[in-house]
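Dropping input-v3.txt in here (compact mmCIF, C-alpha atoms):
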# COMPACT_ATOMS: atom_id res chain seq x y z
CA MET A 1 55.09 50.56 -43.82
CA ASN A 2 51.88 52.57 -43.33
CA LYS A 3 49.93 50.15 -45.52
CA LEU A 4 51.35 47.20 -43.58
CA PHE A 5 50.47 48.87 -40.31
CA SER A 6 46.98 49.64 -41.56
CA ARG A 7 46.41 46.05 -42.62
CA ARG A 8 47.63 44.75 -39.29
CA GLY A 9 45.52 47.33 -37.48
CA LEU A 10 42.48 46.32 -39.49
CA PHE A 11 43.22 42.66 -38.82
CA VAL A 12 43.47 43.26 -35.06
CA LEU A 13 40.24 45.26 -35.16
CA ILE A 14 38.44 42.39 -36.90
CA VAL A 15 39.73 39.93 -34.30
CA LEU A 16 38.58 42.19 -31.45
CA VAL A 17 35.14 42.52 -33.01
CA TRP A 18 35.00 38.74 -33.39
CA LEU A 19 35.86 38.31 -29.75
CA ALA A 20 33.24 40.82 -28.66
CA VAL A 21 30.42 39.68 -30.92
CA ILE A 22 30.96 35.98 -31.52
CA ALA A 23 33.13 34.66 -28.74
CA THR A 24 31.18 36.41 -25.97
CA PRO A 25 28.11 34.47 -24.79
CA ALA A 26 24.77 36.15 -25.17
CA HIS A 27 24.30 36.19 -21.42
CA ALA A 28 27.32 36.84 -19.23
CA ASP A 29 27.96 33.82 -17.05
CA SER A 30 27.87 34.45 -13.33
CA LEU A 31 30.84 33.86 -11.08
CA ALA A 32 28.98 30.91 -9.59
CA ASN A 33 28.54 29.29 -13.01
CA ASP A 34 32.23 29.77 -13.73
CA LEU A 35 33.23 28.32 -10.36
CA MET A 36 30.94 25.30 -10.62
CA GLY A 37 32.06 24.38 -14.13
CA VAL A 38 28.72 25.25 -15.72
CA THR A 39 30.29 27.69 -18.17
CA ASP A 40 32.89 25.15 -19.32
CA ALA A 41 30.32 22.36 -19.56
CA ARG A 42 28.14 24.42 -21.89
CA LEU A 43 31.12 24.97 -24.19
CA ILE A 44 32.30 21.37 -24.14
CA TYR A 45 28.87 19.76 -24.47
CA PRO A 46 26.94 22.29 -26.59
CA HIS A 47 24.11 19.96 -27.66
CA ILE A 48 24.08 17.39 -24.96
CA ASP A 49 20.67 15.88 -25.70
CA GLY A 50 20.17 17.00 -29.28
CA VAL A 51 17.46 19.40 -28.14
CA ASP A 52 19.07 22.29 -26.32
CA ASP A 53 22.45 23.50 -25.17
CA LEU A 54 22.64 22.24 -21.58
CA THR A 55 20.21 24.82 -20.24
CA GLY A 56 17.34 22.74 -18.84
CA GLN A 57 14.90 23.11 -21.70
CA VAL A 58 11.68 21.06 -21.41
CA GLN A 59 12.12 20.63 -17.65
CA ARG A 60 10.22 22.29 -14.84
CA VAL A 61 11.37 23.16 -11.33
CA ALA A 62 8.90 23.69 -8.50
CA ILE A 63 9.89 26.42 -6.03
CA ILE A 64 8.21 26.27 -2.62
CA ASP A 65 8.69 29.79 -1.32
CA THR A 66 7.10 33.26 -1.38
CA GLY A 67 5.89 32.86 -4.96
CA ILE A 68 7.56 34.07 -8.16
CA ASP A 69 7.30 37.37 -10.03
CA PHE A 70 5.78 35.84 -13.16
CA ASP A 71 6.27 39.07 -15.14
CA HIS A 72 10.01 39.42 -14.43
CA PRO A 73 11.91 40.00 -17.71
CA ALA A 74 14.70 37.58 -16.72
CA LEU A 75 12.13 34.79 -16.27
CA ASP A 76 10.53 35.69 -19.63
CA GLY A 77 7.16 34.02 -19.27
CA ARG A 78 8.51 30.73 -17.95
CA VAL A 79 6.38 30.61 -14.79
CA VAL A 80 3.84 28.23 -16.28
CA ALA A 81 1.72 27.25 -13.27
CA GLY A 82 1.42 27.53 -9.53
CA ILE A 83 -0.77 27.56 -6.45
CA ASN A 84 -1.11 29.71 -3.37
CA TYR A 85 -1.17 28.32 0.18
CA ALA A 86 -0.11 31.55 1.90
CA ALA A 87 -1.80 34.62 3.29
CA ASN A 88 -2.11 37.89 1.30
CA ALA A 89 -3.93 36.05 -1.50
CA LYS A 90 -6.74 33.60 -2.15
CA TRP A 91 -5.87 30.29 -0.47
CA GLY A 92 -5.68 27.35 -2.87
CA SER A 93 -5.86 29.60 -5.91
CA SER A 94 -3.97 28.69 -9.09
CA ALA A 95 -4.42 32.18 -10.57
CA ALA A 96 -1.08 33.81 -11.33
CA ILE A 97 -1.97 36.94 -9.37
CA ASP A 98 -2.27 34.81 -6.23
CA TYR A 99 1.05 33.00 -6.50
CA ASN A 100 2.86 36.17 -7.54
CA ASP A 101 5.74 37.12 -5.23
CA GLY A 102 4.94 39.89 -2.75
CA HIS A 103 8.22 39.44 -0.86
CA GLY A 104 11.08 38.76 -3.30
CA HIS A 105 12.76 35.67 -1.86
CA GLY A 106 11.11 33.18 -4.21
CA THR A 107 11.91 35.32 -7.24
CA PHE A 108 15.56 35.46 -6.15
CA VAL A 109 15.62 31.65 -5.95
CA ALA A 110 14.05 31.38 -9.41
CA GLY A 111 16.71 33.66 -10.87
CA VAL A 112 19.51 31.55 -9.40
CA ILE A 113 18.03 28.43 -10.98
CA GLY A 114 16.99 29.83 -14.34
CA GLY A 115 17.39 33.57 -14.78
CA ASN A 116 17.99 34.44 -18.43
CA SER A 117 19.00 38.02 -19.18
CA SER A 118 22.04 40.20 -19.67
CA ARG A 119 22.07 40.78 -15.90
CA VAL A 120 21.25 37.34 -14.50
CA ASN A 121 22.22 33.99 -16.00
CA GLY A 122 20.95 31.09 -13.93
CA VAL A 123 22.37 27.60 -13.77
CA ALA A 124 19.67 26.25 -16.12
CA PRO A 125 18.38 29.33 -18.00
CA SER A 126 15.79 27.52 -20.12
CA VAL A 127 13.85 25.75 -17.36
CA GLU A 128 10.23 26.56 -16.67
CA PHE A 129 8.90 27.16 -13.18
CA ILE A 130 6.05 26.02 -10.97
CA ALA A 131 5.43 28.58 -8.21
CA ILE A 132 4.24 27.03 -4.95
CA ARG A 133 3.53 29.96 -2.67
CA ALA A 134 3.78 28.80 0.95
CA LEU A 135 5.12 32.00 2.55
CA SER A 136 3.41 35.35 2.88
CA ASN A 137 4.58 38.83 1.89
CA ASP A 138 6.54 39.09 5.14
CA GLY A 139 8.44 35.87 4.36
CA THR A 140 6.77 33.77 7.06
CA GLY A 141 4.40 30.83 6.91
CA SER A 142 3.49 27.50 8.42
CA PHE A 143 4.88 24.04 7.87
CA ASN A 144 1.33 22.94 7.09
CA ASP A 145 1.50 25.05 3.96
CA VAL A 146 4.98 23.76 3.11
CA ALA A 147 3.64 20.22 3.44
CA ARG A 148 0.70 21.06 1.20
CA GLY A 149 3.13 22.43 -1.35
CA LEU A 150 5.27 19.29 -1.35
CA GLU A 151 2.17 17.10 -1.64
CA TRP A 152 0.85 19.20 -4.52
CA VAL A 153 4.11 18.70 -6.38
CA ALA A 154 4.02 14.93 -5.80
CA ASN A 155 0.42 14.74 -7.03
CA ASN A 156 1.05 16.90 -10.11
CA ALA A 157 4.62 15.95 -11.06
CA ASP A 158 3.64 13.89 -14.10
CA ALA A 159 1.11 16.40 -15.40
CA TYR A 160 3.62 19.25 -15.27
CA ASN A 161 6.86 17.33 -15.91
CA ILE A 162 8.38 18.51 -12.62
CA THR A 163 11.93 17.16 -12.33
CA ALA A 164 13.31 19.14 -9.37
CA VAL A 165 12.11 21.04 -6.32
CA ASN A 166 13.76 23.76 -4.26
CA VAL A 167 12.90 24.43 -0.63
CA SER A 168 14.84 27.36 0.83
CA ILE A 169 12.84 27.18 4.05
CA GLY A 170 13.77 25.83 7.47
CA THR A 171 13.54 26.01 11.24
CA ASP A 172 15.67 28.12 13.57
CA SER A 173 16.36 24.97 15.60
CA THR A 174 19.02 22.56 14.33
CA TYR A 175 19.41 18.81 14.73
CA ALA A 176 22.58 16.72 14.50
CA VAL A 177 20.73 13.71 13.11
CA GLU A 178 17.26 12.97 11.85
CA ALA A 179 16.48 10.86 14.93
CA GLY A 180 16.81 13.98 17.08
CA VAL A 181 13.88 15.76 15.43
CA PRO A 182 10.75 15.83 17.65
CA PHE A 183 8.02 13.57 16.40
CA TRP A 184 5.32 16.00 15.38
CA SER A 185 2.68 15.02 12.87
CA ILE A 186 3.50 17.92 10.57
CA TYR A 187 7.19 16.97 10.45
CA ASP A 188 6.21 13.38 9.69
CA ARG A 189 3.96 14.62 6.91
CA ILE A 190 6.80 16.66 5.39
CA GLU A 191 9.21 13.73 5.57
CA ASN A 192 6.67 11.46 3.88
CA ALA A 193 6.13 13.97 1.09
CA LEU A 194 9.89 14.26 0.57
CA GLY A 195 10.08 10.48 0.39
CA THR A 196 7.38 10.39 -2.27
CA LEU A 197 9.24 12.93 -4.38
CA GLU A 198 12.48 10.99 -4.03
CA SER A 199 10.75 7.78 -5.12
CA LEU A 200 9.61 9.61 -8.27
CA ASP A 201 13.26 10.47 -9.07
CA ILE A 202 12.58 14.13 -8.36
CA VAL A 203 15.50 15.89 -6.69
CA THR A 204 14.47 18.07 -3.74
CA SER A 205 17.23 20.53 -2.85
CA VAL A 206 16.83 22.03 0.63
CA ALA A 207 18.74 24.84 2.33
CA SER A 208 20.56 23.71 5.48
CA GLY A 209 19.74 26.92 7.38
CA ASN A 210 21.56 30.05 8.47
CA SER A 211 22.00 29.68 12.23
CA GLY A 212 25.73 29.08 11.92
CA SER A 213 25.56 25.71 13.64
CA SER A 214 28.57 23.43 13.22
CA THR A 215 26.68 20.46 14.67
CA GLY A 216 23.26 20.37 13.03
CA LEU A 217 20.85 21.18 10.20
CA SER A 218 17.37 22.66 10.21
CA VAL A 219 14.15 20.88 9.28
CA PRO A 220 13.48 19.79 6.52
CA ALA A 221 17.15 19.67 5.40
CA ILE A 222 17.97 17.12 8.12
CA TYR A 223 15.74 14.45 6.57
CA ASP A 224 17.43 11.72 4.55
CA GLU A 225 14.82 12.20 1.83
CA SER A 226 16.04 15.73 1.08
CA LEU A 227 19.30 16.91 -0.49
CA ALA A 228 20.81 19.20 2.14
CA VAL A 229 22.86 22.12 0.78
CA GLY A 230 25.00 24.64 2.65
CA ALA A 231 26.62 27.82 1.39
CA SER A 232 30.22 28.45 0.37
CA THR A 233 32.06 31.55 -0.86
CA PHE A 234 33.61 32.33 -4.23
CA SER A 235 37.00 31.58 -2.68
CA ASP A 236 35.83 28.05 -1.75
CA THR A 237 35.55 28.58 1.96
CA LEU A 238 32.55 27.90 4.14
CA TYR A 239 30.02 30.73 4.43
CA GLY A 240 30.01 31.38 8.18
CA ASN A 241 26.24 31.32 8.80
CA THR A 242 25.82 27.90 7.20
CA ASN A 243 24.37 25.11 9.31
CA ARG A 244 26.45 21.98 8.87
CA SER A 245 27.01 18.55 10.32
CA ALA A 246 27.93 15.13 8.97
CA GLU A 247 24.43 15.11 7.44
CA LEU A 248 25.19 18.01 5.09
CA GLU A 249 25.63 16.66 1.56
CA LEU A 250 26.89 19.54 -0.57
CA LEU A 251 28.05 23.13 -0.53
CA ALA A 252 27.34 25.63 -3.31
CA PRO A 253 28.06 29.33 -3.76
CA GLY A 254 25.76 31.30 -1.49
CA SER A 255 27.65 34.45 -0.55
CA GLY A 256 27.28 37.66 -2.54
CA ILE A 257 24.90 36.16 -5.10
CA TYR A 258 23.20 38.48 -7.59
CA SER A 259 19.74 37.55 -8.80
CA THR A 260 16.19 38.61 -9.58
CA TRP A 261 13.79 40.25 -7.13
CA LYS A 262 10.09 41.10 -7.04
CA ASP A 263 8.58 43.81 -9.24
CA GLY A 264 11.18 43.25 -11.96
CA GLY A 265 14.05 44.10 -9.63
CA HIS A 266 17.51 42.71 -8.88
CA ARG A 267 19.67 42.53 -5.78
CA TYR A 268 22.53 40.76 -4.00
CA GLY A 269 21.93 38.23 -1.25
CA SER A 270 23.76 35.70 0.90
CA GLY A 271 22.69 32.53 2.65
CA THR A 272 21.93 28.87 2.20
CA SER A 273 18.64 29.92 0.57
CA TYR A 274 20.67 30.90 -2.48
CA ALA A 275 23.05 27.92 -2.43
CA SER A 276 20.26 25.35 -2.53
CA PRO A 277 18.85 26.50 -5.91
CA MET A 278 22.33 26.22 -7.41
CA VAL A 279 22.14 22.47 -6.78
CA ALA A 280 18.52 22.26 -7.96
CA GLY A 281 19.65 23.75 -11.26
CA LEU A 282 22.61 21.39 -11.51
CA SER A 283 20.34 18.39 -10.97
CA VAL A 284 18.31 19.43 -14.01
CA LEU A 285 21.44 19.54 -16.19
CA LEU A 286 22.64 16.18 -14.88
CA ARG A 287 19.24 14.70 -15.67
CA GLU A 288 19.62 15.91 -19.25
CA THR A 289 23.00 14.23 -19.42
CA TYR A 290 21.94 10.87 -18.00
CA LEU A 291 18.89 10.69 -20.28
CA GLN A 292 21.24 10.54 -23.28
CA PHE A 293 22.27 7.10 -22.15
CA THR A 294 19.42 5.57 -20.14
CA ASP A 295 15.89 6.00 -18.84
CA ASP A 296 16.96 4.34 -15.58
CA LEU A 297 17.88 7.51 -13.74
CA ALA A 298 18.54 5.81 -10.40
CA GLY A 299 21.05 3.49 -12.06
CA GLY A 300 21.48 1.07 -9.16
CA TYR A 301 21.10 3.71 -6.44
CA ASP A 302 18.05 3.95 -4.22
CA SER A 303 17.01 7.07 -6.14
CA PHE A 304 18.20 9.54 -8.74
CA GLN A 305 18.75 12.01 -5.91
CA ASP A 306 21.22 9.63 -4.24
CA ARG A 307 23.00 9.21 -7.55
CA VAL A 308 23.30 12.98 -8.02
CA VAL A 309 24.70 13.43 -4.51
CA ASP A 310 27.29 10.69 -4.95
CA LEU A 311 28.38 12.00 -8.35
CA LEU A 312 28.72 15.62 -7.19
CA GLN A 313 30.66 14.54 -4.11
CA GLN A 314 33.00 12.28 -6.09
CA THR A 315 33.76 14.95 -8.71
CA GLY A 316 33.45 18.06 -6.52
CA THR A 317 36.01 20.36 -4.94
CA PRO A 318 36.67 19.58 -1.24
CA ILE A 319 36.21 22.37 1.30
CA LEU A 320 37.43 21.81 4.86
CA ASP A 321 35.37 23.31 7.67
CA SER A 322 37.81 24.06 10.49
CA ALA A 323 35.02 24.46 13.07
CA SER A 324 33.60 20.97 12.64
CA GLY A 325 36.66 19.27 11.16
CA LEU A 326 34.46 17.98 8.35
CA THR A 327 35.13 18.18 4.62
CA PHE A 328 32.29 19.03 2.26
CA PHE A 329 32.15 19.19 -1.52
CA ARG A 330 31.32 22.03 -3.87
CA PRO A 331 30.02 20.72 -7.25
CA ASN A 332 31.92 20.85 -10.53
CA LEU A 333 29.47 20.20 -13.37
CA ASP A 334 32.18 19.90 -16.00
CA ALA A 335 33.90 17.10 -14.07
CA ALA A 336 30.57 15.45 -13.24
CA ILE A 337 29.46 15.26 -16.87
CA ALA A 338 32.89 14.00 -17.94
CA SER A 339 32.47 11.23 -15.37
CA ILE A 340 29.07 10.29 -16.80
CA TYR A 341 30.49 10.15 -20.32
CA LEU A 342 33.40 7.97 -19.21
CA GLU A 343 31.05 5.72 -17.26
CA HIS A 344 29.24 5.01 -20.52
CA GLY A 345 32.41 4.59 -22.57
CA VAL A 346 31.96 7.79 -24.55
CA TYR A 347 34.85 9.98 -25.67
CA VAL A 348 34.92 13.31 -23.85
CA PRO A 349 35.36 16.11 -26.44
CA GLU A 350 37.87 18.92 -26.21
CA PRO A 351 36.55 22.40 -25.41
CA THR A 352 35.14 24.15 -28.46
CA SER A 353 36.35 27.56 -27.32
CA LEU A 354 39.86 28.76 -28.08
CA ALA A 355 42.02 31.20 -26.21
CA VAL A 356 43.00 33.67 -28.90
CA LEU A 357 46.16 35.74 -28.67
CA VAL A 358 47.00 38.55 -31.07
CA PHE A 359 50.67 39.25 -31.56
CA GLY A 360 52.30 41.05 -34.51
CA GLY A 361 49.24 40.45 -36.68
CA MET A 362 49.29 36.68 -35.95
CA ILE A 363 46.71 34.53 -34.15
CA VAL A 364 48.00 31.85 -31.83
CA ALA A 365 45.34 29.36 -30.65
CA ARG A 366 46.17 27.57 -27.45
CA ARG A 367 45.05 25.03 -27.22
CA ARG A 368 25.65 11.51 0.73
CA LYS A 369 23.54 11.19 3.57
CA ARG A 370 23.00 7.43 3.42

Produce structure tokens that represent the structure in this file.
Amino acid sequence: MNKLFSRRGLFVLIVLVWLAVIATPAHADSLANDLMGVTDARLIYPHIDGVDDLTGQVQRVAIIDTGIDFDHPALDGRVVAGINYAANAKWGSSAAIDYNDGHGHGTFVAGVIGGNSSRVNGVAPSVEFIAIRALSNDGTGSFNDVARGLEWVANNADAYNITAVNVSIGTDSTYAVEAGVPFWSIYDRIENALGTLESLDIVTSVASGNSGSSTGLSVPAIYDESLAVGASTFSDTLYGNTNRSAELELLAPGSGIYSTWKDGGHRYGSGTSYASPMVAGLSVLLRETYLQFTDDLAGGYDSFQDRVVDLLQQTGTPILDSASGLTFFRPNLDAAIASIYLEHGVYVPEPTSLAVLVFGGMIVARRRKR
């Protein structure tokens, strides 16, 4: 009896070690990744393009913000280039010290997109970053500098293989429709730059703003050429401060998000600023998926961005906003990739992970804006 018990005890111990060492991912997936189907998608499609494991490798995301902490351990040397258009540093400089983050907001955004450590696991943890510093150490700046940042990305997209942009910047004022935005030359310049990026099949994810409006979005999220993102909670309700209207295209987790901060730090934050980079990261992974089948990313849509929006709405989880009476969609990457596979007549594989139960020494495996 004792020998039998010892063997069973040893067997259970081995299984527990297996679960802890092998079955546990190297970097704990965030609640947001679990909710948006990123965790499941990585298990089901482990080598989606034959190069990496659905993590955004060989792609670069430009972040127009306060800069990025290029020495942060969770970003492990993946801030490969940048430029400064803000105060507190040499204007127009491409030296890393000048586009380094003196505030923290841009580093937080970078961690959401591609943090890669035991503490922060971004949506696409192998992407590289381009830091476009348009805001100063106090988190403020001018739309002239935002426009310069967008234009720099458009002019350098090919050279740096930039496939997505995040802009977690906006006005305090909100607008129900694009036609309601005052015609100022700087706004026109921003809209034109967004249009150029869209024509290059670069997805530009923009935060809708945090004024709590149920009838409008901030600039530049209101423009058709951007992908407007609001914030939701982990219980799939609307985050109360989110600006929304019929022009809002997607929701993503933006409440109680944990990410990277300046000077190698970490912290929690809430707002549409942290929902928008979730979608920027997802667009990178969807690009990887589509490129398995075709180089025509737009695929009959006006742009790849339009295609991404339609796919994520069609396969997303609906969230009703009682204040506006509108229903918005929170992305589900697992469902979105399955839809792409089915669209191309490819068999969708079963999950590679197994739920393992130990009982009596036995293992039971159970198995848009347009």

Just the number, please: distance in Å from CA of Leu320 (chain A) to CA of Ala228 (chain A), one decimal.
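About the pair CA of Leu320 (chain A) and CA of Ala228 (chain A): they are 17.0 Å apart.
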
Env of Ser30 (chain A): 10 Å cut, atoms = only C-alpha atoms, seq-sep filter 5 positions within chain, self excluded. Answer as a PDB file with C-alpha atoms, in the coordinates of the input.
ATOM      1  CA  LEU A  35      33.230  28.320 -10.360  1.00  0.00           C
ATOM      2  CA  VAL A  38      28.720  25.250 -15.720  1.00  0.00           C
ATOM      3  CA  THR A  39      30.290  27.690 -18.170  1.00  0.00           C
ATOM      4  CA  VAL A 112      19.510  31.550  -9.400  1.00  0.00           C
ATOM      5  CA  ARG A 119      22.070  40.780 -15.900  1.00  0.00           C
ATOM      6  CA  VAL A 120      21.250  37.340 -14.500  1.00  0.00           C
ATOM      7  CA  ASN A 121      22.220  33.990 -16.000  1.00  0.00           C
ATOM      8  CA  GLY A 122      20.950  31.090 -13.930  1.00  0.00           C
ATOM      9  CA  VAL A 123      22.370  27.600 -13.770  1.00  0.00           C
ATOM     10  CA  ILE A 257      24.900  36.160  -5.100  1.00  0.00           C
ATOM     11  CA  TYR A 258      23.200  38.480  -7.590  1.00  0.00           C
ATOM     12  CA  SER A 259      19.740  37.550  -8.800  1.00  0.00           C
TER      13      SER A 259
END

Pick from A:Ser273, A:Ser303, A:Gln59, A:Thr289: nearest to Asp158 (chain A), with all atoms listed in the file counted?
A:Gln59

Distance of CA of Met36 (chain A) from CA of Ala338 (chain A), expressed in Å to one decimal place
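Here the two named atoms are 13.6 Å from each other.
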
Would you pick out the contacts of Thr317 (chain A) at 8 Å or less, using only C-alpha atoms, so that residues sharing its chain but fewer than 2 positions from it are not included, and give the list as number ranges by chain?
A: 313, 315, 319, 329-332
